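Enquirer: My questions all concern the structure below.
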Amino acid sequence: VEGVQMSLVLIQDLYKSYYLGGKELPVIKGLNLEIERGETVAVIGPSGVGKSTLLHLVGALDYPTRGQITIGGAKLWELSEDELARLRASQIGFVFQFHHLLPEFTAVENVLLAGLIRSGKENDHRAKAADILSRVGLGERLDHRPGELSGGEQQRIAIARAFLKDPRILILDEATSALDAISEGKVQEALNTLMKGRTTLVIAHRLAAVLVADRIAVMAITCPGVRCRLSCPRGNS
């Protein structure tokens, strides 16, 4: 009971399988994890172990085969589709490996889209979008389109877009893995500034992402086709 009260995200006995040609392909099996408010957890493990699948489940982008994820006391799989959509829109910010910007819109317009989806009132969000872009070092790029910006700058727009709605939970799926070392450093610096005080779950392939984590969650393959539950040593242990 204490864990439920203290944890913002609670994952209990989580299973996820895919089916191909009538054959079950287990990806996650019996996973348990608690993430406290304001805590950053880095998820590491070999390719194919189910890291992105886990993030998609926590972000309510996919359904588990069985098990439960509770966010802020709400059990995700007991919510309706509309309730899940509202939760995603109001509480969860996503930054993926690829920025998925709309090429015909400017930097500030791409960020604004997140706010318009929620309220439809542009004036309520334009100043905030410009402020967040300035905080990630793009204050002089507000009216530039993605094709006029570097890969690192485009990814910083995606970060600003995720933070416009001030999410309680941030999900980073290899957010810097497609960048060179210099661009990665700038993007990670922007993330570190905006992550403060937020609950963050991040897939980490590079040292910079691991170093900012409070804990490291290791996903490992224990035998062919079966994934073990997470072990979560403290990051400073």
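For the structure tokens, the naming scheme is as follows: chains receive sequential letters (A, B, ...) according to their order of presentation, residues are indexed from 1 within each chain, and ligands are indexed from 1 in presentation order.
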Can you check which residues of region 162-219 of chain A DSSP gives as strand (DSSP E) on the backbone and send them as a ChimeraX atom specification?

Expert: /A:169-173,199-203,215-218

Enquirer: Given only C-alpha atoms as the basis, pick out the residue of A:Val212, A:Val202, A:Leu101, A:Leu33 nearest to Gly45 (chain A).

Expert: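 Selected residue with least distance to Gly45 (chain A): A:Val202.
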
Enquirer: Counting only C-alpha atoms, what are the residues of region 30-81 of chain A within 9 Å of region 5-18 of chain A, and for each of them which pair of atoms is the nearest and at what distance in Å, to one decimal? Sort the table by chain and rising number, as a tab-separated table.

Expert:
residue	atom	partner	partner_atom	distance
A:Gly30	CA	A:Asp13	CA	4.5
A:Leu31	CA	A:Leu14	CA	4.8
A:Asn32	CA	A:Gln12	CA	4.8
A:Leu33	CA	A:Ile11	CA	5.0
A:Glu34	CA	A:Leu10	CA	4.6
A:Ile35	CA	A:Val9	CA	5.1
A:Glu36	CA	A:Ser7	CA	4.2
A:Arg37	CA	A:Leu8	CA	5.2
A:Gly38	CA	A:Leu8	CA	8.6
A:Gly50	CA	A:Lys16	CA	9.0
A:Thr53	CA	A:Lys16	CA	8.2
A:Leu54	CA	A:Lys16	CA	8.7
A:Val58	CA	A:Val9	CA	8.2
A:Tyr63	CA	A:Lys16	CA	8.0
A:Pro64	CA	A:Lys16	CA	4.9
A:Thr65	CA	A:Lys16	CA	4.7
A:Arg66	CA	A:Tyr15	CA	5.2
A:Gly67	CA	A:Leu14	CA	4.2
A:Gln68	CA	A:Gln12	CA	5.3
A:Ile69	CA	A:Ile11	CA	4.6
A:Thr70	CA	A:Leu10	CA	5.0
A:Ile71	CA	A:Val9	CA	4.7
A:Gly72	CA	A:Leu8	CA	5.0
A:Gly73	CA	A:Leu8	CA	7.6

Enquirer: Find the residue from A:Asp173, A:Asp166, A:Glu78, A:Glu24 that sits nearest to Ser90 (chain A); use only C-alpha atoms when measuring.

Expert: A:Asp166

Enquirer: Might you pull out every residue within 8 Å of Val95 (chain A), with only C-alpha atoms counted and same-chain residues fewer than 3 positions away left off, and present them as a list in words?

Expert: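 Non-adjacent residues within range: His99, Ala158, Ile159, Ala162, Leu170, Ile171, Leu172, Asp173 and Ala175 of chain A.
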
Enquirer: Please report, as a PyMOL selection string, each residue of region 36-168 of chain A to which DSSP assigns alpha helix (DSSP H) when run on this structure's backbone.

Expert: chain A and resi 51-58+81-91+107-119+123-135+151-163

Enquirer: Find the spatial neighbours of region 179-184 of chain A, counting only C-alpha atoms, within a cut-off of 9 Å - ignore same-chain residues fewer than 6 positions away - and output them as an MDAnalysis selection string.

Expert: chainID A and resid 150:153 155 208

Enquirer: Please compute the CA of Ala130 (chain A)-CA of Ala85 (chain A) distance, one decimal, in Å.

Expert: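 Rounded to one decimal, the two atoms are 25.8 Å apart.
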
Enquirer: Figure out the distance between CA of Ala107 (chain A) and CA of Arg141 (chain A), please, to one decimal in Å.

Expert: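 It comes out at 6.9 Å.
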
Enquirer: List as a PyMOL selection string the protein and nucleic acid residues near Arg88 (chain A), meaning an atom at most 10 Å away when only C-alpha atoms are counted, but skip any in the same chain fewer than 3 places from it.

Expert: chain A and resi 59-61+82-85+91-94+167+169

Enquirer: Just the selected residues (all heavy atoms), exported as an mmCIF file, in the first residue's frame, please.

Expert:
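Dumped to selection-v5.cif:
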data_model
loop_
_atom_site.group_PDB
_atom_site.id
_atom_site.type_symbol
_atom_site.label_atom_id
_atom_site.label_comp_id
_atom_site.auth_asym_id
_atom_site.auth_seq_id
_atom_site.Cartn_x
_atom_site.Cartn_y
_atom_site.Cartn_z
ATOM 1 N N GLY A 59 3.108 4.949 -21.615
ATOM 2 C CA GLY A 59 2.501 6.122 -22.229
ATOM 3 C C GLY A 59 1.098 5.888 -22.744
ATOM 4 O O GLY A 59 0.521 6.780 -23.382
ATOM 5 N N ALA A 60 0.528 4.726 -22.465
ATOM 6 C CA ALA A 60 -0.833 4.375 -22.883
ATOM 7 C C ALA A 60 -1.005 4.433 -24.395
ATOM 8 O O ALA A 60 -2.074 4.754 -24.903
ATOM 9 C CB ALA A 60 -1.867 5.282 -22.200
ATOM 10 N N LEU A 61 0.063 4.106 -25.123
ATOM 11 C CA LEU A 61 0.004 4.029 -26.578
ATOM 12 C C LEU A 61 -0.299 2.614 -27.052
ATOM 13 O O LEU A 61 -0.559 2.391 -28.235
ATOM 14 C CB LEU A 61 1.331 4.500 -27.187
ATOM 15 C CG LEU A 61 1.708 5.959 -26.941
ATOM 16 C CD1 LEU A 61 3.118 6.224 -27.474
ATOM 17 C CD2 LEU A 61 0.711 6.897 -27.578
ATOM 18 N N ASP A 82 -11.559 7.671 -24.322
ATOM 19 C CA ASP A 82 -11.552 9.127 -24.150
ATOM 20 C C ASP A 82 -10.754 9.534 -22.917
ATOM 21 O O ASP A 82 -10.005 10.523 -22.943
ATOM 22 C CB ASP A 82 -12.979 9.660 -24.040
ATOM 23 C CG ASP A 82 -13.714 9.655 -25.374
ATOM 24 O OD1 ASP A 82 -13.037 9.515 -26.420
ATOM 25 O OD2 ASP A 82 -14.946 9.777 -25.372
ATOM 26 N N GLU A 83 -10.892 8.788 -21.844
ATOM 27 C CA GLU A 83 -10.150 9.096 -20.619
ATOM 28 C C GLU A 83 -8.652 8.882 -20.812
ATOM 29 O O GLU A 83 -7.825 9.673 -20.323
ATOM 30 C CB GLU A 83 -10.673 8.235 -19.467
ATOM 31 C CG GLU A 83 -12.063 8.639 -18.994
ATOM 32 C CD GLU A 83 -12.659 7.641 -18.021
ATOM 33 O OE1 GLU A 83 -12.327 6.428 -18.110
ATOM 34 O OE2 GLU A 83 -13.475 8.057 -17.182
ATOM 35 N N LEU A 84 -8.294 7.828 -21.535
ATOM 36 C CA LEU A 84 -6.881 7.591 -21.842
ATOM 37 C C LEU A 84 -6.309 8.718 -22.694
ATOM 38 O O LEU A 84 -5.187 9.180 -22.465
ATOM 39 C CB LEU A 84 -6.707 6.254 -22.572
ATOM 40 C CG LEU A 84 -6.652 4.989 -21.726
ATOM 41 C CD1 LEU A 84 -6.602 3.761 -22.630
ATOM 42 C CD2 LEU A 84 -5.449 5.011 -20.795
ATOM 43 N N ALA A 85 -7.071 9.175 -23.683
ATOM 44 C CA ALA A 85 -6.626 10.259 -24.551
ATOM 45 C C ALA A 85 -6.415 11.537 -23.747
ATOM 46 O O ALA A 85 -5.432 12.265 -23.961
ATOM 47 C CB ALA A 85 -7.638 10.489 -25.670
ATOM 48 N N GLN A 91 -1.019 14.808 -19.149
ATOM 49 C CA GLN A 91 -0.046 14.406 -18.137
ATOM 50 C C GLN A 91 1.246 13.818 -18.666
ATOM 51 O O GLN A 91 2.221 13.709 -17.915
ATOM 52 C CB GLN A 91 -0.691 13.378 -17.187
ATOM 53 C CG GLN A 91 -1.884 13.910 -16.428
ATOM 54 C CD GLN A 91 -2.295 12.983 -15.306
ATOM 55 O OE1 GLN A 91 -1.460 12.442 -14.586
ATOM 56 N NE2 GLN A 91 -3.591 12.778 -15.144
ATOM 57 N N ILE A 92 1.285 13.411 -19.945
ATOM 58 C CA ILE A 92 2.453 12.692 -20.457
ATOM 59 C C ILE A 92 3.058 13.438 -21.647
ATOM 60 O O ILE A 92 2.344 13.795 -22.587
ATOM 61 C CB ILE A 92 2.079 11.261 -20.883
ATOM 62 C CG1 ILE A 92 1.448 10.501 -19.700
ATOM 63 C CG2 ILE A 92 3.310 10.508 -21.370
ATOM 64 C CD1 ILE A 92 0.940 9.122 -20.056
ATOM 65 N N GLY A 93 4.358 13.669 -21.592
ATOM 66 C CA GLY A 93 5.075 14.263 -22.706
ATOM 67 C C GLY A 93 6.005 13.231 -23.327
ATOM 68 O O GLY A 93 6.704 12.494 -22.616
ATOM 69 N N PHE A 94 6.014 13.153 -24.660
ATOM 70 C CA PHE A 94 6.823 12.165 -25.377
ATOM 71 C C PHE A 94 7.907 12.869 -26.199
ATOM 72 O O PHE A 94 7.631 13.871 -26.861
ATOM 73 C CB PHE A 94 5.967 11.351 -26.347
ATOM 74 C CG PHE A 94 4.870 10.557 -25.699
ATOM 75 C CD1 PHE A 94 3.597 11.095 -25.529
ATOM 76 C CD2 PHE A 94 5.081 9.260 -25.257
ATOM 77 C CE1 PHE A 94 2.573 10.384 -24.950
ATOM 78 C CE2 PHE A 94 4.062 8.524 -24.667
ATOM 79 C CZ PHE A 94 2.808 9.084 -24.511
ATOM 80 N N PRO A 167 3.909 18.516 -18.714
ATOM 81 C CA PRO A 167 3.515 17.166 -18.290
ATOM 82 C C PRO A 167 4.124 16.760 -16.961
ATOM 83 O O PRO A 167 5.239 17.166 -16.614
ATOM 84 C CB PRO A 167 4.060 16.291 -19.424
ATOM 85 C CG PRO A 167 5.261 17.040 -19.909
ATOM 86 C CD PRO A 167 4.889 18.486 -19.810
ATOM 87 N N ILE A 169 4.718 13.574 -16.385
ATOM 88 C CA ILE A 169 5.540 12.418 -16.742
ATOM 89 C C ILE A 169 6.165 12.655 -18.109
ATOM 90 O O ILE A 169 5.475 13.060 -19.056
ATOM 91 C CB ILE A 169 4.701 11.139 -16.767
ATOM 92 C CG1 ILE A 169 4.105 10.869 -15.391
ATOM 93 C CG2 ILE A 169 5.529 9.940 -17.228
ATOM 94 C CD1 ILE A 169 3.042 9.782 -15.384
#

Enquirer: To one decimal in Å, tell me the separation between CA of Ala129 (chain A) and CA of Ile203 (chain A).

Expert: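 Separation between CA of Ala129 (chain A) and CA of Ile203 (chain A): 25.9 Å.
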
Enquirer: Hey, which of A:Ala89, A:Ile44, A:Leu20, A:Ile132 ends up closest to Ile216 (chain A)? Count only C-alpha atoms.

Expert: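 Among A:Ala89, A:Ile44, A:Leu20, A:Ile132, it is A:Ile44 that comes nearest to Ile216 (chain A).
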
Enquirer: Taking 5 positions as the minimum chain separation for residues in the same chain, which residues sit within 9 Å of Leu194 (chain A) when counting only C-alpha atoms? Answer as a PyMOL selection string.

Expert: chain A and resi 132+135-136+159-160+163+189

Enquirer: Write the residues of the selection above to a file with N, CA and C atoms, as an mmCIF file, in the first residue's frame.

Expert:
data_model
loop_
_atom_site.group_PDB
_atom_site.id
_atom_site.type_symbol
_atom_site.label_atom_id
_atom_site.label_comp_id
_atom_site.auth_asym_id
_atom_site.auth_seq_id
_atom_site.Cartn_x
_atom_site.Cartn_y
_atom_site.Cartn_z
ATOM 1 N N ILE A 132 9.657 28.538 -24.136
ATOM 2 C CA ILE A 132 10.298 27.227 -24.026
ATOM 3 C C ILE A 132 11.361 27.056 -25.110
ATOM 4 N N ARG A 135 14.388 28.721 -23.992
ATOM 5 C CA ARG A 135 15.068 27.977 -22.928
ATOM 6 C C ARG A 135 15.882 26.818 -23.471
ATOM 7 N N VAL A 136 15.542 26.309 -24.645
ATOM 8 C CA VAL A 136 16.338 25.237 -25.255
ATOM 9 C C VAL A 136 17.273 25.788 -26.333
ATOM 10 N N ILE A 159 11.444 18.563 -28.215
ATOM 11 C CA ILE A 159 11.490 18.640 -26.755
ATOM 12 C C ILE A 159 10.585 19.762 -26.262
ATOM 13 N N ALA A 160 10.687 20.936 -26.892
ATOM 14 C CA ALA A 160 9.845 22.072 -26.505
ATOM 15 C C ALA A 160 8.367 21.725 -26.663
ATOM 16 N N PHE A 163 7.094 19.752 -23.750
ATOM 17 C CA PHE A 163 7.001 20.469 -22.489
ATOM 18 C C PHE A 163 5.944 21.570 -22.494
ATOM 19 N N GLU A 189 21.516 18.834 -22.639
ATOM 20 C CA GLU A 189 21.510 19.997 -21.741
ATOM 21 C C GLU A 189 20.109 20.608 -21.663
#
